[in-house]
>>> print(open('coords-v3.cif').read())   # mmCIF, C-alpha atoms
data_structure
loop_
_atom_site.label_atom_id
_atom_site.label_comp_id
_atom_site.auth_asym_id
_atom_site.auth_seq_id
_atom_site.Cartn_x
_atom_site.Cartn_y
_atom_site.Cartn_z
CA LEU A 278 120.29 71.10 105.26
CA VAL A 279 118.00 72.36 108.01
CA VAL A 280 120.49 75.05 109.04
CA VAL A 281 120.97 76.10 105.43
CA LEU A 282 117.21 76.50 105.04
CA VAL A 283 116.84 78.26 108.40
CA VAL A 284 119.48 80.81 107.40
CA PHE A 285 118.93 81.23 103.68
CA VAL A 286 115.12 81.36 103.57
CA PRO A 287 115.01 84.49 105.78
CA LEU A 288 117.95 85.90 103.80
CA ALA A 289 116.09 85.36 100.54
CA ALA A 290 112.93 86.87 102.06
CA MET A 291 114.94 89.91 103.19
CA LEU A 292 116.43 90.36 99.73
CA LEU A 293 113.02 90.03 98.11
CA CYS A 294 111.50 92.56 100.51
CA CYS A 295 114.38 94.96 99.80
CA LEU A 296 113.70 94.64 96.07
CA VAL A 297 109.96 95.14 96.52
CA GLY A 298 110.34 97.88 99.13
CA ARG A 299 107.81 96.39 101.56
CA GLY A 300 108.37 94.55 104.84
CA VAL A 301 112.08 95.38 104.88
CA ARG A 302 112.31 95.99 108.64
CA VAL A 303 110.49 92.82 109.60
CA SER A 304 112.32 90.54 107.18
CA SER A 305 115.71 92.09 107.94
CA GLY A 306 115.13 91.80 111.67
CA ALA A 307 114.04 88.20 111.24
CA PHE A 308 117.17 87.34 109.27
CA ALA A 309 119.45 89.14 111.74
CA LEU A 310 117.95 87.26 114.69
CA VAL A 311 117.78 83.88 112.96
CA TYR A 312 121.37 84.21 111.78
CA VAL A 313 122.72 85.02 115.24
CA LEU A 314 120.78 82.12 116.75
CA ALA A 315 122.05 79.74 114.04
CA LEU A 316 125.62 81.01 114.50
CA ALA A 317 125.45 80.65 118.28
CA ALA A 318 124.05 77.13 117.92
CA TRP A 319 126.63 76.14 115.30
CA PRO A 320 128.90 74.12 117.66
CA ASN A 321 125.85 72.12 118.81
CA ILE A 322 124.61 71.60 115.24
CA VAL A 323 127.75 70.15 113.70
CA ASP A 324 128.92 66.85 115.11
CA ALA A 325 131.98 66.74 117.30
CA GLY A 326 133.95 64.80 114.70
CA ALA A 327 133.50 67.61 112.19
CA ALA A 328 135.32 70.14 114.36
CA VAL A 329 137.65 72.32 112.37
CA SER A 330 141.22 71.10 112.68
CA THR A 331 142.95 73.92 110.81
CA PRO A 332 142.55 77.66 111.30
CA ASP A 333 142.23 78.23 107.55
CA VAL A 334 138.92 76.36 107.27
CA ARG A 335 135.80 78.43 107.85
CA PRO A 336 132.27 77.06 107.55
CA TRP A 337 129.85 78.85 105.21
CA ILE A 338 127.88 80.40 108.05
CA PHE A 339 130.88 82.52 109.05
CA PHE A 340 130.82 84.43 105.76
CA LEU A 341 127.42 85.98 106.50
CA VAL A 342 128.43 87.87 109.66
CA ASN A 343 128.45 91.31 108.06
CA VAL A 344 125.31 90.52 106.08
CA ALA A 345 123.63 90.12 109.48
CA VAL A 346 125.08 93.50 110.48
CA ALA A 347 123.64 95.07 107.32
CA ALA A 348 120.28 93.43 108.10
CA ALA A 349 120.41 94.91 111.60
CA MET A 350 121.05 98.32 110.04
CA LEU A 351 117.81 97.96 108.07
CA ALA A 352 115.77 96.70 111.02
CA PHE A 353 116.91 98.05 114.35
CA PRO A 354 117.50 101.43 116.06
CA LEU A 355 120.99 102.94 115.97
CA ARG A 356 122.17 101.70 119.37
CA VAL A 357 121.14 98.13 118.56
CA GLN A 358 122.90 98.42 115.20
CA TYR A 359 126.19 99.31 116.89
CA ALA A 360 125.72 96.52 119.43
CA TRP A 361 125.04 94.10 116.55
CA ALA A 362 128.16 95.27 114.68
CA VAL A 363 130.28 94.39 117.71
CA ALA A 364 128.42 91.45 119.25
CA VAL A 365 127.92 89.31 116.14
CA PRO A 366 131.66 89.15 115.34
CA ILE A 367 132.31 88.28 118.99
CA VAL A 368 129.78 85.44 118.75
CA TYR A 369 131.56 84.36 115.57
CA GLY A 370 134.90 84.43 117.40
CA TYR A 371 133.58 82.34 120.26
CA VAL A 372 131.97 79.82 117.93
CA SER A 373 135.14 79.64 115.84
CA LEU A 374 137.24 78.99 118.93
CA VAL A 375 134.82 76.33 120.14
CA GLY A 376 135.02 74.67 116.73
CA GLY A 377 138.81 74.65 116.99
CA GLY A 378 138.80 73.32 120.54
CA PHE A 379 140.26 76.61 121.83
CA ALA A 380 143.63 75.54 120.37
CA VAL A 381 146.32 78.21 120.42
CA LYS A 382 146.72 78.08 116.63
CA PHE A 383 143.16 79.47 116.26
CA TRP A 384 143.52 82.53 118.48
CA LEU A 385 145.50 84.69 116.04
CA ARG A 386 143.23 83.99 113.07
CA VAL A 387 140.10 84.47 115.14
CA GLY A 388 141.48 87.72 116.56
CA PHE A 389 142.16 89.03 113.07
CA ASP A 390 138.78 87.85 111.80
CA VAL A 391 136.85 89.39 114.68
CA SER A 392 138.67 92.72 114.50
CA PHE A 393 138.23 92.85 110.71
CA MET A 394 134.52 92.02 111.01
CA VAL A 395 133.98 94.68 113.67
CA ILE A 396 135.73 97.30 111.54
CA LEU A 397 133.83 96.24 108.42
CA GLY A 398 130.54 96.19 110.32
CA LEU A 399 131.12 99.72 111.64
CA ILE A 400 132.00 100.87 108.13
CA ILE A 401 128.78 99.33 106.82
CA LEU A 402 126.81 101.16 109.51
CA SER A 403 128.62 104.43 108.82
CA LEU A 404 127.99 104.18 105.09
CA GLY A 405 124.34 103.33 105.66
CA TRP A 406 123.83 106.35 107.92
CA MET A 407 125.80 108.56 105.55
CA PHE A 408 123.63 107.50 102.61
CA ARG A 409 120.50 108.03 104.72
CA SER A 410 121.57 111.54 105.73
CA VAL A 411 122.51 112.42 102.14
CA ALA A 412 119.14 111.15 100.95
CA ALA A 413 117.37 113.14 103.67
CA GLY A 414 119.35 116.24 102.64
CA VAL A 415 118.44 115.74 99.00
CA ASP A 416 114.77 115.29 99.93
CA GLU A 417 114.87 118.43 102.05
CA ALA A 418 116.56 120.46 99.28
CA ARG A 419 114.04 119.14 96.77
CA GLY A 420 111.20 120.12 99.07
CA ARG A 421 112.63 123.64 99.44
CA ALA A 422 113.10 123.91 95.67
CA VAL A 423 109.53 122.79 94.99
CA ALA A 424 108.21 125.24 97.59
CA ALA A 425 110.29 128.07 96.10
CA TYR A 426 109.11 127.18 92.60
CA ALA A 427 105.49 127.05 93.76
CA GLY A 428 105.92 130.47 95.41
CA ALA A 429 107.51 131.92 92.28
CA ALA A 430 104.79 130.40 90.08
CA ALA A 431 102.09 131.85 92.34
CA ALA A 432 103.74 135.27 92.30
CA ALA A 433 104.07 135.14 88.50
CA ALA A 434 100.42 134.13 88.13
CA ALA A 435 99.33 136.96 90.45
CA GLU A 436 101.41 139.47 88.50
CA GLU A 437 100.01 138.19 85.21
CA GLU A 438 96.46 138.51 86.59
CA ARG A 439 97.21 142.05 87.82
CA ILE A 440 98.53 143.03 84.40
CA ALA A 441 95.48 141.53 82.68
CA MET A 442 93.14 143.31 85.09
CA SER A 443 94.98 146.61 84.59
CA ALA A 444 94.75 146.25 80.83
CA LEU A 445 91.05 145.45 81.06
CA MET A 446 90.41 148.42 83.32
CA HIS A 447 92.48 150.69 81.07
CA ASP A 448 90.57 149.57 77.98
CA SER A 449 87.16 149.96 79.64
CA VAL A 450 87.99 153.42 81.04
CA LEU A 451 89.38 154.50 77.66
CA ALA A 452 86.26 153.22 75.91
CA ALA A 453 84.06 155.12 78.38
CA LEU A 454 86.00 158.35 77.82
CA ILE A 455 85.79 157.99 74.03
CA ALA A 456 82.06 157.29 74.27
CA ALA A 457 81.59 160.33 76.53
CA GLU A 458 83.41 162.60 74.09
CA ARG A 459 81.29 161.47 71.14
CA ALA A 460 78.01 161.60 73.01
CA ASP A 461 75.37 164.04 71.81
CA GLY A 462 73.13 163.94 74.86
CA GLU A 463 73.87 164.92 78.43
CA ARG A 464 73.65 161.38 79.65
#
>>> encode(input="coords-v3.cif", output="structure tokens")
Amino acid sequence: LVVVLVVFVPLAAMLLCCLVGRGVRVSSGAFALVYVLALAAWPNIVDAGAAVSTPDVRPWIFFLVNVAVAAAMLAFPLRVQYAWAVAVPIVYGYVSLVGGGFAVKFWLRVGFDVSFMVILGLIILSLGWMFRSVAAGVDEARGRAVAAYAGAAAAAAAEEERIAMSALMHDSVLAALIAAERADGER
């Protein structure tokens, strides 16, 4: 129960912060760190009699490996993200082998699991950075479009003001000429 709370409370906090849009880095970093510590401590947490006897049985904590990689993507710099995407599955593999007593029947499954998790983690990182770069490109294009629109609107307003001023000047000069033609006195 303690391990469930230690892992899922930071996970829930991270999800809540992602929904709210505040404190995402801190909560994601906290979950990523707490998860790795809980995963690394897993063989010491479960009792020796509960060791996994078949390669097909995986404890619940193993299914959150790539969630921790996604949390690292939200919290850490790029180099740490790549290290996390490789190191966390390796920690999982070690813990899984310890749980199986390093029996030969576990090596193949653990090898497949670790390689799959590394590939999936790298895909998660790649997609995250791709979405970030697309969003940055969209923001940049939007900024250029707004600037171009503002420039065009300013030019249109200046042209409209010039036309209005020209019309005003034309009307006042025309009125002065008409008044001068109809004038009786020299002034």
>>> closest_residue(input="coords-v3.cif", among="A:Val281, A:Val415, A:Leu351, A:Ala362", to="A:Pro336", atoms="only C-alpha atoms")
A:Val281
>>> resolve_selection(input="coords-v3.cif", expression="the PyMOL selection byres ((chain A and resi 371) around 12)", output="PyMOL selection string")
chain A and resi 316-320+339+364-370+372-379+383-384+387-388+390-391
>>> atom_distance(input="coords-v3.cif", atom1="atom CA of A:Arg409", atom2="atom CA of A:Leu355")
12.4 Å
>>> atom_distance(input="coords-v3.cif", atom1="atom CA of A:Phe285", atom2="atom CA of A:Arg302")
16.9 Å
>>> atom_distance(input="coords-v3.cif", atom1="atom CA of A:Ala290", atom2="atom CA of A:Ser304")
6.3 Å
>>> resolve_selection(input="coords-v3.cif", expression="the PyMOL selection byres ((chain A and resi 347) around 9)", output="VMD selection string")
chain A and resid 305 309 342 to 346 348 to 352 358 362 398 401 to 402 405
>>> residues_near_point(input="coords-v3.cif", point="(123.9, 82.9, 109.2)", cutoff="6 Å", atoms="all atoms listed in the file", output="ChimeraX atom specification")
/A:284,312,316,338,341
>>> write_last_selection(input="coords-v3.cif", atoms="C-alpha atoms", output="PDB file, in the coordinates of the input")
ATOM      1  CA  VAL A 284     119.480  80.810 107.400  1.00  0.00           C
ATOM      2  CA  TYR A 312     121.370  84.210 111.780  1.00  0.00           C
ATOM      3  CA  LEU A 316     125.620  81.010 114.500  1.00  0.00           C
ATOM      4  CA  ILE A 338     127.880  80.400 108.050  1.00  0.00           C
ATOM      5  CA  LEU A 341     127.420  85.980 106.500  1.00  0.00           C
TER       6      LEU A 341
END
>>> closest_residue(input="coords-v3.cif", among="A:Val279, A:Ala425, A:Ile455, A:Cys295", to="A:Ile322", atoms="all atoms listed in the file")
A:Val279
